[in-house]
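This is my_file38.cif. It holds mmCIF, C-alpha atoms.
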data_query
#
loop_
_atom_site.label_atom_id
_atom_site.label_comp_id
_atom_site.auth_asym_id
_atom_site.auth_seq_id
_atom_site.Cartn_x
_atom_site.Cartn_y
_atom_site.Cartn_z
CA MET C 1 0.00 0.00 0.00
CA THR C 2 1.39 3.36 -0.98
CA SER C 3 1.75 6.31 1.37
CA ILE C 4 -0.56 9.18 0.44
CA ASP C 5 1.07 12.60 0.30
CA LYS C 6 -0.94 14.67 2.78
CA SER C 7 0.19 17.91 1.11
CA LEU C 8 -2.00 17.13 -1.92
CA ALA C 9 -5.55 18.36 -2.47
CA ARG C 10 -8.44 17.51 -0.16
CA TYR C 11 -11.99 17.34 -1.51
CA PRO C 12 -14.59 17.92 1.23
CA SER C 13 -17.42 17.07 -1.19
CA LEU C 14 -16.22 13.44 -1.25
CA ALA C 15 -16.55 12.92 2.51
CA GLY C 16 -19.37 10.49 3.25
CA LYS C 17 -20.12 9.87 -0.43
CA THR C 18 -20.63 6.28 -1.57
CA VAL C 19 -18.01 5.38 -4.18
CA LEU C 20 -17.93 2.12 -6.15
CA ILE C 21 -14.72 0.99 -7.85
CA THR C 22 -14.48 -2.03 -10.14
CA GLY C 23 -11.27 -4.06 -10.30
CA GLY C 24 -10.17 -2.49 -7.04
CA ALA C 25 -8.05 -5.17 -5.38
CA THR C 26 -4.69 -4.45 -7.00
CA GLY C 27 -2.83 -2.02 -9.23
CA ILE C 28 -4.57 1.16 -10.36
CA GLY C 29 -7.82 0.03 -8.78
CA ALA C 30 -6.24 -0.38 -5.35
CA ALA C 31 -4.88 3.16 -5.60
CA PHE C 32 -8.42 4.40 -6.31
CA VAL C 33 -9.72 2.54 -3.27
CA GLU C 34 -7.01 3.93 -1.01
CA HIS C 35 -7.27 7.53 -2.19
CA PHE C 36 -11.06 7.73 -2.04
CA PHE C 37 -11.03 6.13 1.40
CA ASP C 38 -8.45 8.67 2.54
CA GLN C 39 -10.84 11.44 1.47
CA GLY C 40 -13.51 10.13 3.84
CA ALA C 41 -15.69 8.46 1.22
CA LYS C 42 -17.67 5.28 1.87
CA VAL C 43 -15.83 2.96 -0.52
CA ALA C 44 -16.96 -0.32 -2.05
CA PHE C 45 -14.95 -2.28 -4.58
CA PHE C 46 -15.32 -5.38 -6.72
CA ASP C 47 -12.70 -7.85 -7.92
CA ILE C 48 -12.24 -11.56 -8.63
CA ASP C 49 -9.02 -11.63 -6.56
CA THR C 50 -10.59 -12.43 -3.22
CA GLU C 51 -7.34 -12.70 -1.27
CA ALA C 52 -6.01 -9.33 -2.42
CA GLY C 53 -9.39 -7.63 -2.05
CA GLU C 54 -9.94 -8.79 1.50
CA ALA C 55 -6.36 -7.92 2.44
CA LEU C 56 -6.77 -4.36 1.12
CA ALA C 57 -10.05 -3.87 2.96
CA ASP C 58 -8.47 -5.24 6.15
CA ARG C 59 -5.46 -2.92 5.90
CA LEU C 60 -7.51 0.19 5.29
CA GLY C 61 -10.04 -0.74 7.95
CA ALA C 62 -7.49 -1.53 10.64
CA ASP C 63 -7.31 1.93 12.22
CA LEU C 64 -10.81 3.25 11.69
CA GLY C 65 -12.28 5.88 13.93
CA ALA C 66 -15.80 5.51 15.24
CA ASP C 67 -17.20 7.74 12.49
CA ARG C 68 -15.68 5.83 9.55
CA THR C 69 -17.03 2.96 7.45
CA ARG C 70 -14.68 0.09 6.58
CA PRO C 71 -14.18 -0.40 2.85
CA MET C 72 -16.61 -2.98 1.48
CA PHE C 73 -15.10 -5.67 -0.73
CA LEU C 74 -17.22 -8.06 -2.80
CA ARG C 75 -15.99 -10.79 -5.10
CA VAL C 76 -17.79 -10.07 -8.37
CA ASP C 77 -17.05 -11.42 -11.83
CA LEU C 78 -17.89 -8.42 -13.99
CA THR C 79 -18.42 -10.57 -17.07
CA ASP C 80 -21.52 -11.91 -15.27
CA ILE C 81 -23.96 -9.01 -15.54
CA ASP C 82 -26.45 -10.54 -13.11
CA ALA C 83 -23.67 -10.81 -10.52
CA LEU C 84 -22.63 -7.22 -11.23
CA ARG C 85 -26.18 -5.98 -10.71
CA GLN C 86 -26.51 -7.96 -7.48
CA GLY C 87 -23.21 -6.60 -6.21
CA ILE C 88 -24.34 -3.04 -6.88
CA ALA C 89 -27.61 -3.74 -5.06
CA ASP C 90 -25.63 -5.09 -2.10
CA VAL C 91 -23.46 -1.97 -2.00
CA ARG C 92 -26.54 0.24 -2.14
CA GLY C 93 -28.14 -1.68 0.70
CA ALA C 94 -25.06 -1.41 2.89
CA LEU C 95 -23.72 2.07 2.11
CA GLY C 96 -26.58 3.98 0.52
CA PRO C 97 -27.06 5.35 -3.00
CA ILE C 98 -23.93 5.35 -5.14
CA GLY C 99 -22.72 8.83 -6.06
CA VAL C 100 -19.46 7.93 -7.80
CA LEU C 101 -18.72 5.01 -10.11
CA VAL C 102 -15.16 4.28 -11.22
CA ASN C 103 -15.23 1.75 -14.08
CA ASN C 104 -11.65 0.57 -13.73
CA ALA C 105 -11.62 -3.20 -14.32
CA ALA C 106 -9.92 -4.47 -17.50
CA ASN C 107 -7.54 -7.14 -18.77
CA ASP C 108 -4.77 -6.37 -21.25
CA LYS C 109 -3.69 -9.96 -21.89
CA ARG C 110 -1.62 -10.01 -25.08
CA HIS C 111 -3.10 -11.78 -28.11
CA THR C 112 -2.52 -11.98 -31.85
CA ILE C 113 -5.09 -11.54 -34.59
CA GLU C 114 -4.63 -15.17 -35.63
CA GLU C 115 -5.45 -16.65 -32.24
CA VAL C 116 -8.65 -14.67 -31.62
CA THR C 117 -11.81 -16.80 -31.65
CA PRO C 118 -15.42 -15.63 -31.42
CA GLU C 119 -15.39 -16.77 -27.79
CA SER C 120 -12.17 -14.94 -26.87
CA PHE C 121 -13.37 -11.84 -28.72
CA ASP C 122 -16.61 -11.81 -26.73
CA TRP C 123 -14.65 -12.30 -23.50
CA GLY C 124 -12.34 -9.39 -24.36
CA ILE C 125 -15.29 -7.09 -24.93
CA ALA C 126 -17.04 -8.34 -21.79
CA VAL C 127 -14.05 -7.83 -19.51
CA ASN C 128 -12.95 -4.49 -20.97
CA ILE C 129 -16.09 -2.47 -21.77
CA ARG C 130 -19.44 -4.27 -21.53
CA HIS C 131 -19.48 -4.08 -17.74
CA GLN C 132 -18.79 -0.34 -17.88
CA PHE C 133 -22.12 0.24 -19.58
CA PHE C 134 -24.11 -2.05 -17.32
CA ALA C 135 -22.52 -0.70 -14.13
CA ALA C 136 -23.40 2.82 -15.26
CA GLN C 137 -26.93 1.73 -16.11
CA ALA C 138 -27.32 0.20 -12.63
CA VAL C 139 -26.30 3.35 -10.72
CA VAL C 140 -28.29 5.92 -12.71
CA ASP C 141 -31.29 5.81 -10.38
CA ASP C 142 -29.01 6.27 -7.35
CA MET C 143 -27.45 9.35 -8.91
CA LYS C 144 -30.85 10.76 -9.90
CA GLN C 145 -31.96 10.32 -6.29
CA LEU C 146 -28.86 12.21 -5.13
CA GLY C 147 -29.40 15.02 -7.63
CA GLY C 148 -26.26 14.14 -9.58
CA GLY C 149 -23.20 11.95 -9.69
CA SER C 150 -19.93 11.18 -11.42
CA ILE C 151 -19.13 8.23 -13.69
CA ILE C 152 -15.43 7.75 -14.48
CA ASN C 153 -14.54 5.27 -17.22
CA LEU C 154 -10.99 4.02 -17.68
CA GLY C 155 -9.72 4.13 -21.25
CA SER C 156 -6.18 3.62 -22.55
CA VAL C 157 -3.70 5.30 -24.88
CA SER C 158 -2.89 1.87 -26.33
CA TRP C 159 -5.23 2.30 -29.29
CA MET C 160 -3.91 5.82 -29.95
CA LEU C 161 -0.35 4.46 -30.02
CA LYS C 162 -1.37 1.51 -32.21
CA ASN C 163 0.17 -0.94 -29.76
CA PRO C 164 0.70 -4.45 -31.20
CA ASN C 165 -0.72 -7.78 -30.00
CA LEU C 166 -3.82 -6.23 -28.42
CA PRO C 167 -6.42 -6.05 -31.22
CA VAL C 168 -9.49 -6.87 -29.12
CA TYR C 169 -8.28 -4.87 -26.12
CA VAL C 170 -7.67 -1.73 -28.18
CA THR C 171 -11.04 -2.18 -29.88
CA ALA C 172 -12.73 -2.14 -26.48
CA LYS C 173 -10.64 0.69 -25.09
CA SER C 174 -11.23 2.92 -28.11
CA ALA C 175 -14.96 2.45 -27.53
CA VAL C 176 -14.71 3.90 -24.02
CA GLN C 177 -14.57 7.37 -25.56
CA GLY C 178 -17.88 6.81 -27.35
CA LEU C 179 -19.51 5.28 -24.28
CA THR C 180 -18.43 8.20 -22.12
CA ARG C 181 -19.76 10.80 -24.53
CA GLY C 182 -23.03 8.95 -24.99
CA LEU C 183 -23.57 8.70 -21.23
CA ALA C 184 -22.65 12.35 -20.76
CA ARG C 185 -25.24 13.51 -23.28
CA ASP C 186 -28.11 11.36 -22.04
CA LEU C 187 -27.45 11.78 -18.30
CA GLY C 188 -26.38 15.40 -18.15
CA LYS C 189 -29.96 16.60 -17.68
CA PHE C 190 -29.97 14.76 -14.34
CA GLY C 191 -26.74 16.35 -13.16
CA ILE C 192 -24.86 13.12 -13.82
CA ARG C 193 -21.42 13.60 -15.34
CA ALA C 194 -19.39 11.07 -17.34
CA ASN C 195 -15.68 11.44 -18.05
CA SER C 196 -12.80 9.20 -19.05
CA LEU C 197 -9.39 8.77 -17.51
CA VAL C 198 -6.96 7.63 -20.17
CA PRO C 199 -3.76 6.15 -18.72
CA GLY C 200 -0.48 5.59 -20.48
CA TRP C 201 1.77 2.72 -19.46
CA VAL C 202 1.20 2.66 -15.72
CA MET C 203 3.91 0.93 -13.73
CA THR C 204 1.88 -1.49 -11.64
CA GLU C 205 3.47 -4.62 -10.21
CA LYS C 206 1.63 -6.67 -12.84
CA GLN C 207 2.99 -4.60 -15.72
CA LYS C 208 6.53 -4.82 -14.38
CA ARG C 209 6.24 -8.56 -13.82
CA LEU C 210 4.61 -9.56 -17.10
CA TRP C 211 5.34 -7.00 -19.80
CA LEU C 212 8.06 -4.49 -18.98
CA ASP C 213 11.39 -5.37 -20.57
CA GLU C 214 14.37 -3.31 -21.75
CA ALA C 215 12.66 -2.51 -25.04
CA GLY C 216 9.63 -1.28 -23.11
CA LYS C 217 11.76 0.90 -20.88
CA LEU C 218 13.39 2.44 -23.94
CA ALA C 219 9.98 3.04 -25.56
CA ILE C 220 8.78 4.86 -22.44
CA LYS C 221 11.92 6.99 -22.32
CA GLN C 222 11.60 7.92 -25.99
CA GLY C 223 7.83 8.31 -26.04
CA GLN C 224 7.04 10.22 -22.87
CA CYS C 225 7.80 13.92 -22.55
CA ILE C 226 8.34 13.47 -18.82
CA ASP C 227 11.11 10.95 -18.10
CA ALA C 228 9.51 9.35 -15.04
CA GLU C 229 7.18 6.47 -14.27
CA VAL C 230 3.43 6.92 -14.54
CA LEU C 231 2.14 5.44 -11.28
CA PRO C 232 -1.30 4.32 -10.06
CA GLU C 233 -1.54 7.28 -7.70
CA HIS C 234 -1.30 9.69 -10.63
CA LEU C 235 -4.57 8.21 -11.93
CA ALA C 236 -6.14 8.23 -8.48
CA ARG C 237 -5.50 11.93 -7.94
CA ALA C 238 -7.22 12.77 -11.21
CA ALA C 239 -10.15 10.52 -10.31
CA LEU C 240 -10.64 12.38 -7.03
CA PHE C 241 -10.97 15.64 -8.94
CA LEU C 242 -13.42 14.20 -11.47
CA ALA C 243 -15.53 12.70 -8.68
CA SER C 244 -15.61 15.88 -6.61
CA ASP C 245 -17.80 18.97 -6.86
CA ASP C 246 -14.69 20.89 -7.96
CA SER C 247 -15.26 19.48 -11.48
CA SER C 248 -19.02 20.08 -11.47
CA MET C 249 -19.12 21.46 -15.03
CA MET C 250 -16.81 18.87 -16.57
CA THR C 251 -18.43 16.10 -18.55
CA ALA C 252 -17.81 14.20 -21.82
CA GLN C 253 -14.07 14.78 -21.38
CA GLU C 254 -10.98 12.57 -21.68
CA ILE C 255 -8.08 13.27 -19.34
CA ILE C 256 -4.90 11.62 -20.62
CA ILE C 257 -2.27 10.75 -18.00
CA ASP C 258 0.67 9.31 -19.88
CA GLY C 259 3.64 11.59 -19.29
CA GLY C 260 2.99 13.24 -22.65
CA TRP C 261 3.28 10.17 -24.90
CA VAL C 262 0.33 10.81 -27.22
#
Please, can you express the file's structure as structure tokens?
Amino acid sequence: MTSIDKSLARYPSLAGKTVLITGGATGIGAAFVEHFFDQGAKVAFFDIDTEAGEALADRLGADLGADRTRPMFLRVDLTDIDALRQGIADVRGALGPIGVLVNNAANDKRHTIEEVTPESFDWGIAVNIRHQFFAAQAVVDDMKQLGGGSIINLGSVSWMLKNPNLPVYVTAKSAVQGLTRGLARDLGKFGIRANSLVPGWVMTEKQKRLWLDEAGKLAIKQGQCIDAEVLPEHLARAALFLASDDSSMMTAQEIIIDGGWV
């Protein structure tokens, strides 16, 4: 768990707000969970990694004061839309109407054009974008009840950079922009905002373990304007702003956090 820099911005409008984060057990998602919890939000998160999810909730809940709510972790397979809807209903029942949704979960498993089957294509769409739509659909009534809300969808610069060996992933991630704009238009009349966070190559433990090699390090150095690692907390800080009342007139926007690569 990273240490949060207490000199950075505080957002009083997030205190006590119910925030749901998908794919929150590790990596970027865990940074979202930690940073929203630090702001005083009531945080729930979904993941299929039960061990990591429970460990994160335990760590953050270890030193709670009497006025704080422990993070709520639920094991939910987001490719199962019925399970997703039930998980959202469980969060609502425990923590109240959901005011912020962070659609973070994704899987960037490498794959070639030749090996893609109809089944693997459908899985890639299901794990990378389909759940974003249905999670948003499931929280709309909560946000209407609250008089507004913030939906944050995670995109990727991978399709902008034309990254190889990810044809289905980049198809799904390019569609996040369209989903975000469509939600923003249809939900804006209810005070519900929809924006995208678009990360570059974020140095999570998974990325370092599975994909980062010397060629990748060189590509980052040559591609980014800022010669430093993009970290999960950089995404989390932007998400706090998009979720807060400070960004109340921002919707249908894409915020790229990639060190200036694209």
Query raised in the report: Can you tell me, as a ChimeraX atom specification, what residues are no more than 9 Å from stretch 105-116 of chain C when counting only C-alpha atoms, ignoring any on the same chain fewer than 5 positions away?
Result: /C:21-24,29,46-47,78,121,124,127-129,131-132,154,164-170
Keeping C-alpha atoms for every residue in the selection just given, could you write it to a file as a PDB file, keeping the file's coordinate frame?
ATOM      1  CA  ILE C  21     -14.720   0.990  -7.850  1.00  0.00           C
ATOM      2  CA  THR C  22     -14.480  -2.030 -10.140  1.00  0.00           C
ATOM      3  CA  GLY C  23     -11.270  -4.060 -10.300  1.00  0.00           C
ATOM      4  CA  GLY C  24     -10.170  -2.490  -7.040  1.00  0.00           C
ATOM      5  CA  GLY C  29      -7.820   0.030  -8.780  1.00  0.00           C
ATOM      6  CA  PHE C  46     -15.320  -5.380  -6.720  1.00  0.00           C
ATOM      7  CA  ASP C  47     -12.700  -7.850  -7.920  1.00  0.00           C
ATOM      8  CA  LEU C  78     -17.890  -8.420 -13.990  1.00  0.00           C
ATOM      9  CA  PHE C 121     -13.370 -11.840 -28.720  1.00  0.00           C
ATOM     10  CA  GLY C 124     -12.340  -9.390 -24.360  1.00  0.00           C
ATOM     11  CA  VAL C 127     -14.050  -7.830 -19.510  1.00  0.00           C
ATOM     12  CA  ASN C 128     -12.950  -4.490 -20.970  1.00  0.00           C
ATOM     13  CA  ILE C 129     -16.090  -2.470 -21.770  1.00  0.00           C
ATOM     14  CA  HIS C 131     -19.480  -4.080 -17.740  1.00  0.00           C
ATOM     15  CA  GLN C 132     -18.790  -0.340 -17.880  1.00  0.00           C
ATOM     16  CA  LEU C 154     -10.990   4.020 -17.680  1.00  0.00           C
ATOM     17  CA  PRO C 164       0.700  -4.450 -31.200  1.00  0.00           C
ATOM     18  CA  ASN C 165      -0.720  -7.780 -30.000  1.00  0.00           C
ATOM     19  CA  LEU C 166      -3.820  -6.230 -28.420  1.00  0.00           C
ATOM     20  CA  PRO C 167      -6.420  -6.050 -31.220  1.00  0.00           C
ATOM     21  CA  VAL C 168      -9.490  -6.870 -29.120  1.00  0.00           C
ATOM     22  CA  TYR C 169      -8.280  -4.870 -26.120  1.00  0.00           C
ATOM     23  CA  VAL C 170      -7.670  -1.730 -28.180  1.00  0.00           C
TER      24      VAL C 170
END
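The gap separating atom CA of C:Leu146 from atom CA of C:Ala89 is 16.0 Å, in Å to one decimal.
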Using all atoms listed in the file, which protein or nucleic acid residues come within 6 Å of C:Ile151? Drop anything in the same chain fewer than 6 positions from it, and give the result as a ChimeraX atom specification. /C:100-101,194
Output of the PyMOL selection byres ((chain C and resi 41) around 12), listed as a tab-separated table (two decimals) with C-alpha atoms, keeping the file's coordinate frame:
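Below you can see result36.tsv, which holds the result:
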chain	number	residue	atom	x	y	z
C	10	ARG	CA	-8.44	17.51	-0.16
C	11	TYR	CA	-11.99	17.34	-1.51
C	12	PRO	CA	-14.59	17.92	1.23
C	13	SER	CA	-17.42	17.07	-1.19
C	14	LEU	CA	-16.22	13.44	-1.25
C	15	ALA	CA	-16.55	12.92	2.51
C	16	GLY	CA	-19.37	10.49	3.25
C	17	LYS	CA	-20.12	9.87	-0.43
C	18	THR	CA	-20.63	6.28	-1.57
C	19	VAL	CA	-18.01	5.38	-4.18
C	20	LEU	CA	-17.93	2.12	-6.15
C	21	ILE	CA	-14.72	0.99	-7.85
C	32	PHE	CA	-8.42	4.40	-6.31
C	33	VAL	CA	-9.72	2.54	-3.27
C	34	GLU	CA	-7.01	3.93	-1.01
C	35	HIS	CA	-7.27	7.53	-2.19
C	36	PHE	CA	-11.06	7.73	-2.04
C	37	PHE	CA	-11.03	6.13	1.40
C	38	ASP	CA	-8.45	8.67	2.54
C	39	GLN	CA	-10.84	11.44	1.47
C	40	GLY	CA	-13.51	10.13	3.84
C	42	LYS	CA	-17.67	5.28	1.87
C	43	VAL	CA	-15.83	2.96	-0.52
C	44	ALA	CA	-16.96	-0.32	-2.05
C	67	ASP	CA	-17.20	7.74	12.49
C	68	ARG	CA	-15.68	5.83	9.55
C	69	THR	CA	-17.03	2.96	7.45
C	70	ARG	CA	-14.68	0.09	6.58
C	71	PRO	CA	-14.18	-0.40	2.85
C	72	MET	CA	-16.61	-2.98	1.48
C	95	LEU	CA	-23.72	2.07	2.11
C	96	GLY	CA	-26.58	3.98	0.52
C	98	ILE	CA	-23.93	5.35	-5.14
C	99	GLY	CA	-22.72	8.83	-6.06
C	100	VAL	CA	-19.46	7.93	-7.80
C	240	LEU	CA	-10.64	12.38	-7.03
C	243	ALA	CA	-15.53	12.70	-8.68
C	244	SER	CA	-15.61	15.88	-6.61
Exercise. Just say which residues the PyMOL selection byres ((chain C and resi 79-82) around 9) picks in this file, as a PyMOL selection string.
Key: chain C and resi 76-78+83-87+123+126-127+130-131+134-135
Run the PyMOL selection byres ((chain C and resi 213-229) around 10) on the file and write out the hits as a list in words.
Leu161, Gly200, Trp201, Val202, Met203, Thr204, Gln207, Lys208, Arg209, Leu210, Trp211, Leu212, Val230, Leu231, Pro232, His234, Asp258, Gly259, Gly260, Trp261 and Val262 of chain C
* **Residue contacts of C:Phe190 (12 Å, all atoms listed in the file) excluding same-chain residues fewer than 4 positions away, as a PyMOL selection string** => chain C and resi 140-150+183-186+194
Generate the output file for the selected residues, C-alpha atoms, as an mmCIF file, in the coordinates of the input.
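Written out: out-v1.cif:
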data_model
loop_
_atom_site.group_PDB
_atom_site.id
_atom_site.type_symbol
_atom_site.label_atom_id
_atom_site.label_comp_id
_atom_site.auth_asym_id
_atom_site.auth_seq_id
_atom_site.Cartn_x
_atom_site.Cartn_y
_atom_site.Cartn_z
ATOM 1 C CA VAL C 140 -28.290 5.920 -12.710
ATOM 2 C CA ASP C 141 -31.290 5.810 -10.380
ATOM 3 C CA ASP C 142 -29.010 6.270 -7.350
ATOM 4 C CA MET C 143 -27.450 9.350 -8.910
ATOM 5 C CA LYS C 144 -30.850 10.760 -9.900
ATOM 6 C CA GLN C 145 -31.960 10.320 -6.290
ATOM 7 C CA LEU C 146 -28.860 12.210 -5.130
ATOM 8 C CA GLY C 147 -29.400 15.020 -7.630
ATOM 9 C CA GLY C 148 -26.260 14.140 -9.580
ATOM 10 C CA GLY C 149 -23.200 11.950 -9.690
ATOM 11 C CA SER C 150 -19.930 11.180 -11.420
ATOM 12 C CA LEU C 183 -23.570 8.700 -21.230
ATOM 13 C CA ALA C 184 -22.650 12.350 -20.760
ATOM 14 C CA ARG C 185 -25.240 13.510 -23.280
ATOM 15 C CA ASP C 186 -28.110 11.360 -22.040
ATOM 16 C CA ALA C 194 -19.390 11.070 -17.340
#
The residue from C:Ala252, C:Met160, C:Ala94, C:Ala236 with the smallest atom-to-atom distance to C:Leu179, counting all atoms listed in the file, is C:Ala252
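Comparing the minimum interatomic distances between C:Asp245 and each of C:Ala62, C:Leu56, C:Ala25, C:Ile192, counting all atoms listed in the file, we find that C:Ile192 sits nearest.
Comparing C:Asn153, C:Gln137, C:Asn104, C:Thr171 by their smallest distance to C:Asp122, the closest is C:Thr171 (using all atoms listed in the file).
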One residue among C:Gly61, C:Val198, C:Phe73, C:Arg193 is nearest to C:Asp90 when using only C-alpha atoms, and that residue is C:Phe73
Between atom CA of C:Ile152 and atom CA of C:Glu254 lies a distance of 9.7 Å
